[in-house]
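S.K.: Structure file upload_14.txt, compact mmCIF, C-alpha atoms, is pasted below:
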# COMPACT_ATOMS: atom_id res chain seq x y z
CA MET A 91 -8.80 24.51 4.32
CA GLU A 92 -11.34 24.95 1.58
CA LEU A 93 -12.27 22.22 -0.84
CA SER A 94 -10.57 22.48 -4.22
CA PHE A 95 -10.89 20.60 -7.48
CA VAL A 96 -7.64 18.69 -6.82
CA ASP A 97 -8.93 17.46 -3.44
CA LEU A 98 -12.16 16.25 -4.97
CA LEU A 99 -10.29 14.53 -7.80
CA LEU A 100 -7.94 12.75 -5.39
CA PHE A 101 -10.90 11.72 -3.21
CA LEU A 102 -12.69 10.19 -6.18
CA LEU A 103 -9.53 8.48 -7.45
CA VAL A 104 -8.73 6.86 -4.09
CA LEU A 105 -12.33 5.79 -3.61
CA SER A 106 -12.68 4.29 -7.07
CA PHE A 107 -9.31 2.51 -7.06
CA SER A 108 -9.83 1.06 -3.58
CA THR A 109 -13.27 -0.17 -4.66
CA VAL A 110 -11.60 -1.88 -7.64
CA VAL A 111 -9.11 -3.53 -5.21
CA VAL A 112 -11.99 -5.13 -3.34
CA LEU A 113 -14.37 -5.88 -6.20
CA ALA A 114 -12.01 -7.05 -8.96
CA LYS A 115 -12.16 -10.78 -9.58
CA ASP A 116 -8.63 -10.94 -10.96
CA THR A 117 -5.96 -10.56 -8.27
CA LEU A 118 -3.55 -8.90 -10.70
CA VAL A 119 -6.13 -6.19 -11.42
CA SER A 120 -6.53 -5.76 -7.64
CA ALA A 121 -2.76 -5.35 -7.27
CA PHE A 122 -2.62 -2.75 -10.04
CA ALA A 123 -5.55 -0.88 -8.47
CA LEU A 124 -3.75 -1.00 -5.09
CA LEU A 125 -0.67 0.53 -6.72
CA LEU A 126 -2.79 3.37 -8.11
CA THR A 127 -4.53 3.80 -4.73
CA PHE A 128 -1.12 4.26 -3.07
CA VAL A 129 -0.05 6.86 -5.64
CA ALA A 130 -3.34 8.77 -5.25
CA LEU A 131 -3.01 8.59 -1.44
CA ALA A 132 0.47 10.10 -1.80
CA GLY A 133 -1.21 13.01 -3.57
CA ILE A 134 -3.58 13.41 -0.61
CA PHE A 135 -0.63 13.33 1.83
CA PHE A 136 0.98 16.07 -0.26
CA GLN A 137 -2.19 18.15 -0.22
CA VAL A 138 -2.49 17.81 3.57
CA GLY A 139 1.12 18.94 4.06
CA ALA A 140 2.87 15.65 4.91
CA LEU A 141 5.39 15.99 2.10
CA PHE A 142 8.01 13.55 3.41
CA LEU A 143 5.40 10.86 3.98
CA SER A 144 4.00 11.37 0.49
CA VAL A 145 7.48 10.72 -0.93
CA ILE A 146 7.86 7.64 1.32
CA GLN A 147 4.41 6.48 0.24
CA VAL A 148 5.40 6.56 -3.42
CA MET A 149 8.86 5.07 -2.87
CA VAL A 150 8.10 2.35 -0.32
CA TYR A 151 4.43 1.50 -0.70
CA ALA A 152 3.91 2.03 -4.43
CA GLY A 153 7.48 1.40 -5.55
CA ALA A 154 8.29 -1.61 -3.38
CA VAL A 155 5.28 -3.25 -1.71
CA ALA A 156 2.76 -3.03 -4.55
CA ILE A 157 5.37 -3.91 -7.18
CA LEU A 158 6.40 -6.91 -5.04
CA PHE A 159 2.78 -8.10 -5.05
CA ILE A 160 2.60 -7.72 -8.82
CA PHE A 161 5.87 -9.62 -9.31
CA VAL A 162 4.71 -12.46 -7.07
CA LEU A 163 1.41 -12.68 -8.95
CA MET A 164 3.29 -12.88 -12.21
CA LEU A 165 5.70 -15.51 -10.87
CA MET A 166 2.81 -17.74 -9.87
CA ASN A 167 1.20 -19.46 -12.78
CA LEU A 168 -2.29 -18.27 -11.96
CA SER A 169 -3.96 -20.17 -14.78
CA ASP A 170 -3.09 -23.40 -12.91
CA ILE A 171 -5.08 -22.28 -9.90
CA LYS A 172 -8.53 -23.71 -9.44
CA ASN A 173 -11.46 -21.32 -10.01
CA TYR A 174 -9.25 -18.84 -11.84
CA ILE A 175 -11.70 -16.95 -14.03
CA PRO A 176 -10.41 -14.02 -16.06
CA HIS A 177 -8.30 -14.01 -19.21
CA TYR A 178 -7.46 -10.37 -19.70
CA ASN A 179 -5.02 -8.91 -22.12
CA TYR A 180 -2.43 -7.80 -19.57
CA ARG A 181 -0.56 -5.66 -22.08
CA LYS A 182 -3.58 -3.37 -22.09
CA TRP A 183 -3.55 -3.21 -18.29
CA PHE A 184 0.18 -2.44 -18.24
CA SER A 185 -0.30 0.37 -20.74
CA PHE A 186 -3.29 1.71 -18.80
CA VAL A 187 -1.45 1.73 -15.46
CA GLY A 188 1.70 3.18 -17.05
CA VAL A 189 -0.22 6.03 -18.64
CA ILE A 190 -2.07 6.76 -15.39
CA CYS A 191 1.19 6.73 -13.35
CA LEU A 192 2.81 9.08 -15.88
CA GLY A 193 -0.25 11.33 -15.63
CA PHE A 194 0.06 11.28 -11.83
CA LEU A 195 3.75 12.24 -12.07
CA ILE A 196 3.01 15.19 -14.38
CA PHE A 197 0.07 16.16 -12.16
CA ASP A 198 2.26 16.02 -9.03
CA PHE A 199 4.93 18.09 -10.78
CA ILE A 200 2.39 20.78 -11.68
CA LEU A 201 0.97 20.60 -8.14
CA ALA A 202 4.47 21.03 -6.65
CA GLN A 203 5.14 24.01 -8.94
CA SER A 204 1.90 25.70 -7.89
CA ASN A 205 2.49 25.02 -4.18
CA LEU A 206 5.96 26.51 -3.81
CA HIS A 207 4.77 28.39 -0.72
CA GLN A 208 4.66 25.01 1.00
CA ASP A 209 8.47 25.06 1.27
CA GLN A 210 8.34 26.57 4.73
CA ILE A 211 5.63 24.14 5.88
CA ALA A 212 7.73 21.27 4.54
CA LYS A 213 10.82 22.44 6.41
CA THR A 214 9.03 22.77 9.75
CA SER A 215 7.18 19.47 9.35
CA LEU A 216 10.42 17.70 8.39
CA ILE A 217 12.28 19.14 11.39
CA VAL A 218 9.51 18.07 13.78
CA LEU A 219 9.22 14.64 12.18
CA PHE A 220 12.93 13.91 12.27
CA GLU A 221 13.25 15.21 15.81
CA SER A 222 10.48 12.91 16.95
CA LEU A 223 11.90 9.96 14.98
CA PHE A 224 15.53 10.30 15.96
CA VAL A 225 15.20 11.76 19.46
CA ARG A 226 11.86 11.00 21.06
CA PHE A 227 11.14 7.65 19.42
CA MET A 228 14.76 6.62 18.96
CA ALA A 229 14.23 3.25 20.68
CA ALA A 230 11.21 2.50 18.50
CA PHE A 231 13.19 3.46 15.41
CA GLU A 232 15.99 1.07 16.39
CA LEU A 233 13.41 -1.65 17.06
CA ALA A 234 12.00 -1.06 13.58
CA THR A 235 15.42 -1.70 12.07
CA VAL A 236 15.72 -4.90 14.14
CA LEU A 237 12.25 -5.91 12.90
CA LEU A 238 13.31 -5.37 9.29
CA LEU A 239 16.44 -7.48 9.86
CA ALA A 240 14.34 -10.23 11.47
CA VAL A 241 11.99 -10.17 8.49
CA VAL A 242 14.88 -10.48 6.03
CA VAL A 243 16.30 -13.45 7.97
CA SER A 244 12.91 -15.17 8.27
CA VAL A 245 12.10 -14.72 4.57
CA VAL A 246 15.49 -16.21 3.63
CA PHE A 247 14.83 -19.08 6.07
CA LEU A 248 11.37 -19.69 4.59
CA SER A 249 12.68 -19.75 1.02
CA LYS A 250 15.55 -22.11 2.01
CA ASN A 251 13.03 -24.34 3.75
CA GLN A 252 10.99 -24.45 0.55
CA GLU A 253 14.05 -25.50 -1.43
CA ASN A 254 14.78 -28.31 1.05
CA LEU A 255 11.17 -29.49 0.90
CA SER A 256 11.17 -29.53 -2.89
CA LYS A 257 14.50 -31.45 -2.91
CA LYS A 258 13.05 -34.06 -0.54
CA GLU A 259 10.01 -34.48 -2.77
CA MET B 579 -17.00 22.05 2.91
CA ASN B 580 -13.82 21.41 4.81
CA VAL B 581 -11.19 19.31 3.06
CA LEU B 582 -10.19 17.50 6.23
CA SER B 583 -13.73 16.25 6.91
CA LEU B 584 -13.87 14.88 3.35
CA TYR B 585 -10.57 13.08 3.87
CA TYR B 586 -11.69 11.76 7.30
CA GLY B 587 -14.63 10.12 5.54
CA LEU B 588 -12.33 8.79 2.86
CA SER B 589 -9.95 7.21 5.38
CA LEU B 590 -12.85 5.44 7.08
CA LEU B 591 -14.22 4.31 3.71
CA VAL B 592 -10.84 2.93 2.65
CA PHE B 593 -10.43 1.14 5.98
CA PHE B 594 -13.87 -0.47 5.87
CA LEU B 595 -13.52 -1.36 2.18
CA GLY B 596 -10.35 -3.22 3.14
CA LEU B 597 -12.08 -4.88 6.09
CA GLY B 598 -15.03 -5.95 3.94
CA GLY B 599 -12.71 -7.26 1.25
CA MET B 600 -10.78 -9.23 3.84
CA PHE B 601 -13.94 -11.09 4.81
CA LEU B 602 -15.32 -11.44 1.27
CA LYS B 603 -12.23 -12.57 -0.62
CA LYS B 604 -11.14 -16.19 -0.77
CA ASN B 605 -7.77 -15.67 -2.43
CA LEU B 606 -4.98 -15.30 0.16
CA LEU B 607 -3.11 -12.69 -1.87
CA SER B 608 -6.28 -10.63 -2.27
CA ILE B 609 -6.75 -10.80 1.51
CA LEU B 610 -3.19 -9.49 1.93
CA LEU B 611 -3.96 -6.66 -0.51
CA CYS B 612 -7.04 -5.77 1.54
CA VAL B 613 -4.92 -5.66 4.72
CA GLU B 614 -2.57 -3.22 2.97
CA LEU B 615 -5.61 -1.14 2.04
CA MET B 616 -6.71 -1.07 5.69
CA LEU B 617 -3.24 0.06 6.77
CA SER B 618 -3.37 2.85 4.18
CA GLY B 619 -6.68 4.01 5.61
CA VAL B 620 -5.19 4.11 9.12
CA SER B 621 -2.13 6.01 7.82
CA LEU B 622 -4.37 8.62 6.22
CA LEU B 623 -6.42 8.95 9.42
CA LEU B 624 -3.26 9.47 11.50
CA ILE B 625 -1.94 12.16 9.15
CA LEU B 626 -5.30 13.94 9.22
CA LEU B 627 -5.42 13.77 13.03
CA SER B 628 -1.88 15.14 13.27
CA LYS B 629 -2.91 17.98 10.98
CA SER B 630 -6.14 18.88 12.74
CA LEU B 631 -4.79 18.49 16.30
CA ASN B 632 -1.51 20.15 15.23
CA VAL B 633 0.59 17.32 16.65
CA LEU B 634 3.17 16.77 13.92
CA GLU B 635 4.93 14.03 15.92
CA ALA B 636 2.00 11.76 15.12
CA GLN B 637 3.30 11.55 11.56
CA SER B 638 6.22 9.46 12.81
CA LEU B 639 3.65 6.76 13.66
CA VAL B 640 2.79 6.60 9.97
CA PHE B 641 6.45 5.92 9.29
CA PHE B 642 6.28 2.92 11.64
CA ILE B 643 3.04 1.77 9.99
CA ILE B 644 4.85 1.77 6.64
CA VAL B 645 7.66 -0.33 8.15
CA VAL B 646 5.17 -2.82 9.61
CA ALA B 647 3.26 -2.97 6.32
CA ALA B 648 6.43 -3.73 4.39
CA CYS B 649 7.36 -6.49 6.87
CA GLU B 650 3.86 -7.94 6.80
CA GLY B 651 3.85 -7.93 3.00
CA ALA B 652 7.22 -9.68 2.76
CA ILE B 653 6.39 -12.38 5.33
CA GLY B 654 2.87 -12.86 3.97
CA ILE B 655 4.08 -13.26 0.41
CA SER B 656 6.79 -15.76 1.35
CA LEU B 657 4.26 -17.80 3.36
CA ILE B 658 1.75 -17.71 0.51
CA LEU B 659 4.47 -18.75 -1.96
CA SER B 660 5.42 -21.71 0.20
CA LEU B 661 1.75 -22.68 0.52
CA PHE B 662 1.35 -22.36 -3.23
CA LYS B 663 4.35 -24.60 -3.87
CA LYS B 664 3.00 -27.20 -1.47
CA ASN B 665 -0.73 -27.16 -2.27
CA LYS B 666 -0.81 -25.61 -5.79
CA THR B 667 -3.57 -23.29 -4.64
CA ILE B 668 -3.91 -20.02 -2.76
CA GLU B 669 -7.64 -20.28 -2.11
CA SER B 670 -8.28 -20.10 1.62
CA ASP B 671 -11.09 -22.68 1.42
CA ASP B 672 -8.81 -25.30 -0.14
CA ILE B 673 -5.96 -24.96 2.33
CA VAL B 674 -6.52 -27.15 5.36
CA THR B 675 -3.00 -27.61 6.71
CA MET B 676 0.08 -25.39 6.77
Would it be possible to restate this file's structure as structure tokens?
M.R.:
Amino acid sequence: MELSFVDLLLFLLVLSFSTVVVLAKDTLVSAFALLLTFVALAGIFFQVGALFLSVIQVMVYAGAVAILFIFVLMLMNLSDIKNYIPHYNYRKWFSFVGVICLGFLIFDFILAQSNLHQDQIAKTSLIVLFESLFVRFMAAFELATVLLLAVVVSVVFLSKNQENLSKKE
Amino acid sequence: MNVLSLYYGLSLLVFFLGLGGMFLKKNLLSILLCVELMLSGVSLLLILLSKSLNVLEAQSLVFFIIVVAACEGAIGISLILSLFKKNKTIESDDIVTM
């Protein structure tokens, strides 16, 4: 596989956004940068040929995990926290991230249109992936569902415990 | 230059950026974000290895990594929220007891 402009662009985007995740002083900026890193990584997955995983990356990582982080950061009143430094205009950040995500979507659409020959690769990779998930690693897949259930129960337990503690106080 | 070698370097860079951030950051949520970054680096490395060794089954491991990352994020956030409610801080230096 030869290096193309898209590959170089995705490389630079992932590198710069992940650097922002580590170096940003504001946690909310880090979370936004992480969201953009996930979307750019999905582009790399697409370029490499892991189409299903790129979709999962956008839906689960960017759409659920990173958004959950952002929601939690917004629920906490960060200005109450000691040593909290920045006072950014978050509306600007929202607009910036929204425009970049829209750009990514348009870019991915154009990329998908220009890579229609990848249909066959996608079919074979999907067949192999699903065969390995649902046949070879069936037990692990079932364990993953049990793990998810356990996490849901434990998170509910933790939040209930918090409510009891706050009532006692 | 081969694309895969570029992406191999990128996956290592992302992983070590996450690792460095985990040690440098004091904020618990930032540490959690850095762990997610490390997991992303590992996911990318696994996909690249599956591509270059032509073992497509390895991609199912990435699926499990995503499941584990989601679980870790949910549990971590709920623990951090309970710590925040109790101590009114999420700085790792200020938290002495659970």
S.K.: What does the structure give for the distance between atom CA of A:Asn251 and atom CA of A:Phe159, in Å to one decimal?
M.R.: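 Computed distance, atom CA of A:Asn251 to atom CA of A:Phe159, equals 21.1 Å.
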S.K.: Taking all atoms listed in the file into account, produce a table as a Markdown table in which each residue of stretch 138-171 of chain A with an atom at most 9 Å from an atom of stretch 626-635 of chain B appears once, together with its shortest atom pair and the distance in Å to one decimal, ordered by chain and rising number.
M.R.:
| residue | atom | partner | partner_atom | distance |
| --- | --- | --- | --- | --- |
| A:Val138 | CA | B:Leu626 | CA | 7.4 |
| A:Gly139 | CA | B:Lys629 | CA | 8.1 |
| A:Ala140 | CA | B:Lys629 | CA | 8.7 |
S.K.: Since we have the selection now, will you write its residues out, keeping C-alpha atoms, as a PDB file, in the frame of the given file?
M.R.:
ATOM      1  CA  VAL A 138      -2.490  17.810   3.570  1.00  0.00           C
ATOM      2  CA  GLY A 139       1.120  18.940   4.060  1.00  0.00           C
ATOM      3  CA  ALA A 140       2.870  15.650   4.910  1.00  0.00           C
TER       4      ALA A 140
END
S.K.: Using only C-alpha atoms, which protein or nucleic acid residues come within 12 Å of A:Leu143? Drop anything in the same chain fewer than 3 positions from it, and give the result as a PDB file with C-alpha atoms, in the frame of the given file.
M.R.:
ATOM      1  CA  PHE A 128      -1.120   4.260  -3.070  1.00  0.00           C
ATOM      2  CA  VAL A 129      -0.050   6.860  -5.640  1.00  0.00           C
ATOM      3  CA  LEU A 131      -3.010   8.590  -1.440  1.00  0.00           C
ATOM      4  CA  ALA A 132       0.470  10.100  -1.800  1.00  0.00           C
ATOM      5  CA  GLY A 133      -1.210  13.010  -3.570  1.00  0.00           C
ATOM      6  CA  ILE A 134      -3.580  13.410  -0.610  1.00  0.00           C
ATOM      7  CA  PHE A 135      -0.630  13.330   1.830  1.00  0.00           C
ATOM      8  CA  PHE A 136       0.980  16.070  -0.260  1.00  0.00           C
ATOM      9  CA  GLN A 137      -2.190  18.150  -0.220  1.00  0.00           C
ATOM     10  CA  VAL A 138      -2.490  17.810   3.570  1.00  0.00           C
ATOM     11  CA  GLY A 139       1.120  18.940   4.060  1.00  0.00           C
ATOM     12  CA  ALA A 140       2.870  15.650   4.910  1.00  0.00           C
ATOM     13  CA  ILE A 146       7.860   7.640   1.320  1.00  0.00           C
ATOM     14  CA  GLN A 147       4.410   6.480   0.240  1.00  0.00           C
ATOM     15  CA  VAL A 148       5.400   6.560  -3.420  1.00  0.00           C
ATOM     16  CA  MET A 149       8.860   5.070  -2.870  1.00  0.00           C
ATOM     17  CA  VAL A 150       8.100   2.350  -0.320  1.00  0.00           C
ATOM     18  CA  TYR A 151       4.430   1.500  -0.700  1.00  0.00           C
ATOM     19  CA  ALA A 212       7.730  21.270   4.540  1.00  0.00           C
ATOM     20  CA  SER A 215       7.180  19.470   9.350  1.00  0.00           C
ATOM     21  CA  LEU A 216      10.420  17.700   8.390  1.00  0.00           C
ATOM     22  CA  LEU A 219       9.220  14.640  12.180  1.00  0.00           C
ATOM     23  CA  PHE A 220      12.930  13.910  12.270  1.00  0.00           C
TER      24      PHE A 220
ATOM     25  CA  SER B 618      -3.370   2.850   4.180  1.00  0.00           C
ATOM     26  CA  SER B 621      -2.130   6.010   7.820  1.00  0.00           C
ATOM     27  CA  LEU B 622      -4.370   8.620   6.220  1.00  0.00           C
ATOM     28  CA  LEU B 624      -3.260   9.470  11.500  1.00  0.00           C
ATOM     29  CA  ILE B 625      -1.940  12.160   9.150  1.00  0.00           C
ATOM     30  CA  LEU B 634       3.170  16.770  13.920  1.00  0.00           C
ATOM     31  CA  ALA B 636       2.000  11.760  15.120  1.00  0.00           C
ATOM     32  CA  GLN B 637       3.300  11.550  11.560  1.00  0.00           C
ATOM     33  CA  SER B 638       6.220   9.460  12.810  1.00  0.00           C
ATOM     34  CA  LEU B 639       3.650   6.760  13.660  1.00  0.00           C
ATOM     35  CA  VAL B 640       2.790   6.600   9.970  1.00  0.00           C
ATOM     36  CA  PHE B 641       6.450   5.920   9.290  1.00  0.00           C
ATOM     37  CA  PHE B 642       6.280   2.920  11.640  1.00  0.00           C
ATOM     38  CA  ILE B 643       3.040   1.770   9.990  1.00  0.00           C
ATOM     39  CA  ILE B 644       4.850   1.770   6.640  1.00  0.00           C
TER      40      ILE B 644
END
S.K.: Residues of chain B that have any atom at most 8 Å from an atom of chain A: could you tabulate them with the shortest-distance atom pair and the distance in Å to one decimal, using all atoms listed in the file, ordered by chain and increasing number, as a tab-separated table?
M.R.:
residue	atom	partner	partner_atom	distance
B:Met579	CA	A:Leu93	CA	6.0
B:Asn580	CA	A:Glu92	CA	5.4
B:Val581	CA	A:Leu93	CA	5.0
B:Leu582	CA	A:Met91	CA	7.4
B:Leu584	CA	A:Phe101	CA	7.9
B:Tyr585	CA	A:Phe101	CA	7.2
B:Leu588	CA	A:Phe101	CA	6.9
B:Leu591	CA	A:Leu105	CA	7.7
B:Val592	CA	A:Ser108	CA	6.6
B:Leu595	CA	A:Val112	CA	6.9
B:Gly596	CA	A:Val112	CA	7.0
B:Gly598	CA	A:Val112	CA	7.9
B:Gly599	CA	A:Val112	CA	5.1
B:Lys603	CA	A:Val112	CA	7.9
B:Asn605	CA	A:Thr117	CA	8.0
B:Leu607	CA	A:Thr117	CA	7.3
B:Ser608	CA	A:Thr117	CA	6.0
B:Leu611	CA	A:Ala121	CA	7.0
B:Cys612	CA	A:Val112	CA	7.0
B:Leu615	CA	A:Ser108	CA	7.4
B:Ser618	CA	A:Phe128	CA	7.7
B:Leu622	CA	A:Phe135	CA	7.4
B:Ile625	CA	A:Ala140	CA	7.3
B:Leu626	CA	A:Val138	CA	7.4
B:Lys629	CA	A:Val138	CA	7.4
B:Leu634	CA	A:Val218	CA	6.5
B:Glu635	CA	A:Leu219	CA	5.7
B:Gln637	CA	A:Leu219	CA	6.7
B:Ser638	CA	A:Leu219	CA	6.0
B:Val640	CA	A:Leu143	CA	7.8
B:Phe641	CA	A:Leu143	CA	7.3
B:Phe642	CA	A:Ala234	CA	7.2
B:Ile644	CA	A:Tyr151	CA	7.4
B:Val645	CA	A:Ala234	CA	7.0
B:Ala648	CA	A:Val155	CA	6.2
B:Cys649	CA	A:Val241	CA	6.1
B:Gly651	CA	A:Val155	CA	6.8
B:Ala652	CA	A:Val245	CA	7.2
B:Ile653	CA	A:Val245	CA	6.2
B:Ile655	CA	A:Val162	CA	7.5
B:Ser656	CA	A:Val245	CA	6.3
B:Leu657	CA	A:Leu248	CA	7.5
B:Ser660	CA	A:Gln252	CA	6.2
B:Lys663	CA	A:Gln252	CA	8.0
B:Lys666	CA	A:Ile171	CA	6.8
B:Thr667	CA	A:Ile171	CA	5.6
B:Ile668	CA	A:Ile171	CA	7.6
S.K.: Save out the residues we just selected, C-alpha atoms, as an mmCIF file, in the frame of the given file.
M.R.:
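Once everything was written out, this is again-v2.cif:
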data_model
loop_
_atom_site.group_PDB
_atom_site.id
_atom_site.type_symbol
_atom_site.label_atom_id
_atom_site.label_comp_id
_atom_site.auth_asym_id
_atom_site.auth_seq_id
_atom_site.Cartn_x
_atom_site.Cartn_y
_atom_site.Cartn_z
ATOM 1 C CA MET B 579 -17.000 22.050 2.910
ATOM 2 C CA ASN B 580 -13.820 21.410 4.810
ATOM 3 C CA VAL B 581 -11.190 19.310 3.060
ATOM 4 C CA LEU B 582 -10.190 17.500 6.230
ATOM 5 C CA LEU B 584 -13.870 14.880 3.350
ATOM 6 C CA TYR B 585 -10.570 13.080 3.870
ATOM 7 C CA LEU B 588 -12.330 8.790 2.860
ATOM 8 C CA LEU B 591 -14.220 4.310 3.710
ATOM 9 C CA VAL B 592 -10.840 2.930 2.650
ATOM 10 C CA LEU B 595 -13.520 -1.360 2.180
ATOM 11 C CA GLY B 596 -10.350 -3.220 3.140
ATOM 12 C CA GLY B 598 -15.030 -5.950 3.940
ATOM 13 C CA GLY B 599 -12.710 -7.260 1.250
ATOM 14 C CA LYS B 603 -12.230 -12.570 -0.620
ATOM 15 C CA ASN B 605 -7.770 -15.670 -2.430
ATOM 16 C CA LEU B 607 -3.110 -12.690 -1.870
ATOM 17 C CA SER B 608 -6.280 -10.630 -2.270
ATOM 18 C CA LEU B 611 -3.960 -6.660 -0.510
ATOM 19 C CA CYS B 612 -7.040 -5.770 1.540
ATOM 20 C CA LEU B 615 -5.610 -1.140 2.040
ATOM 21 C CA SER B 618 -3.370 2.850 4.180
ATOM 22 C CA LEU B 622 -4.370 8.620 6.220
ATOM 23 C CA ILE B 625 -1.940 12.160 9.150
ATOM 24 C CA LEU B 626 -5.300 13.940 9.220
ATOM 25 C CA LYS B 629 -2.910 17.980 10.980
ATOM 26 C CA LEU B 634 3.170 16.770 13.920
ATOM 27 C CA GLU B 635 4.930 14.030 15.920
ATOM 28 C CA GLN B 637 3.300 11.550 11.560
ATOM 29 C CA SER B 638 6.220 9.460 12.810
ATOM 30 C CA VAL B 640 2.790 6.600 9.970
ATOM 31 C CA PHE B 641 6.450 5.920 9.290
ATOM 32 C CA PHE B 642 6.280 2.920 11.640
ATOM 33 C CA ILE B 644 4.850 1.770 6.640
ATOM 34 C CA VAL B 645 7.660 -0.330 8.150
ATOM 35 C CA ALA B 648 6.430 -3.730 4.390
ATOM 36 C CA CYS B 649 7.360 -6.490 6.870
ATOM 37 C CA GLY B 651 3.850 -7.930 3.000
ATOM 38 C CA ALA B 652 7.220 -9.680 2.760
ATOM 39 C CA ILE B 653 6.390 -12.380 5.330
ATOM 40 C CA ILE B 655 4.080 -13.260 0.410
ATOM 41 C CA SER B 656 6.790 -15.760 1.350
ATOM 42 C CA LEU B 657 4.260 -17.800 3.360
ATOM 43 C CA SER B 660 5.420 -21.710 0.200
ATOM 44 C CA LYS B 663 4.350 -24.600 -3.870
ATOM 45 C CA LYS B 666 -0.810 -25.610 -5.790
ATOM 46 C CA THR B 667 -3.570 -23.290 -4.640
ATOM 47 C CA ILE B 668 -3.910 -20.020 -2.760
#
S.K.: Can you pull out every residue within 8 Å of B:Leu610, counting all atoms listed in the file, but drop anything in the same chain fewer than 3 positions away, and send it as a PyMOL selection string?
M.R.: chain B and resi 600+606-607+613-614+651+654
S.K.: Go ahead and write the residues just picked, C-alpha atoms, as a compact mmCIF listing (two decimals), in the coordinates of the input.
M.R.:
# COMPACT_ATOMS: atom_id res chain seq x y z
CA MET B 600 -10.78 -9.23 3.84
CA LEU B 606 -4.98 -15.30 0.16
CA LEU B 607 -3.11 -12.69 -1.87
CA VAL B 613 -4.92 -5.66 4.72
CA GLU B 614 -2.57 -3.22 2.97
CA GLY B 651 3.85 -7.93 3.00
CA GLY B 654 2.87 -12.86 3.97
S.K.: Record the distance separating atom CA of A:Glu232 and atom CA of A:Gly153, expressed in Å with one decimal.
M.R.: 23.5 Å
S.K.: Kindly give the distance, in Å, that separates atom CA of A:Val145 and atom CA of B:Leu597, rounded to a single decimal.
M.R.: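 One can read the atom CA of A:Val145 to atom CA of B:Leu597 distance as 26.0 Å.
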S.K.: Complete the atoms of stretch 658-669 of chain B to N, CA, C and O atoms and put them out as a tab-separated table (two decimals), keeping the file's coordinate frame.
M.R.:
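Wrote out30.tsv, looks like this:
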chain	number	residue	atom	x	y	z
B	658	ILE	N	2.71	-17.33	1.55
B	658	ILE	CA	1.75	-17.71	0.51
B	658	ILE	C	2.46	-18.48	-0.61
B	658	ILE	O	1.94	-19.46	-1.14
B	659	LEU	N	3.70	-18.04	-0.93
B	659	LEU	CA	4.47	-18.75	-1.96
B	659	LEU	C	4.77	-20.18	-1.54
B	659	LEU	O	4.67	-21.11	-2.35
B	660	SER	N	5.12	-20.35	-0.25
B	660	SER	CA	5.42	-21.71	0.20
B	660	SER	C	4.15	-22.56	0.21
B	660	SER	O	4.20	-23.75	-0.13
B	661	LEU	N	3.03	-21.95	0.58
B	661	LEU	CA	1.75	-22.68	0.52
B	661	LEU	C	1.40	-23.05	-0.91
B	661	LEU	O	0.90	-24.15	-1.18
B	662	PHE	N	1.67	-22.11	-1.82
B	662	PHE	CA	1.35	-22.36	-3.23
B	662	PHE	C	2.19	-23.50	-3.79
B	662	PHE	O	1.69	-24.35	-4.54
B	663	LYS	N	3.48	-23.53	-3.38
B	663	LYS	CA	4.35	-24.60	-3.87
B	663	LYS	C	3.90	-25.95	-3.34
B	663	LYS	O	4.02	-26.97	-4.00
B	664	LYS	N	3.39	-25.94	-2.10
B	664	LYS	CA	3.00	-27.20	-1.47
B	664	LYS	C	1.63	-27.67	-1.96
B	664	LYS	O	1.45	-28.83	-2.30
B	665	ASN	N	0.66	-26.76	-1.99
B	665	ASN	CA	-0.73	-27.16	-2.27
B	665	ASN	C	-1.21	-26.84	-3.67
B	665	ASN	O	-2.31	-27.23	-4.06
B	666	LYS	N	-0.43	-26.06	-4.44
B	666	LYS	CA	-0.81	-25.61	-5.79
B	666	LYS	C	-2.11	-24.82	-5.78
B	666	LYS	O	-2.86	-24.82	-6.76
B	667	THR	N	-2.40	-24.18	-4.69
B	667	THR	CA	-3.57	-23.29	-4.64
B	667	THR	C	-3.33	-22.20	-3.59
B	667	THR	O	-2.56	-22.41	-2.65
B	668	ILE	N	-3.98	-21.05	-3.81
B	668	ILE	CA	-3.91	-20.02	-2.76
B	668	ILE	C	-5.33	-19.62	-2.33
B	668	ILE	O	-5.56	-18.54	-1.82
B	669	GLU	N	-6.27	-20.52	-2.58
B	669	GLU	CA	-7.64	-20.28	-2.11
B	669	GLU	C	-7.74	-20.70	-0.65
B	669	GLU	O	-7.34	-21.81	-0.31
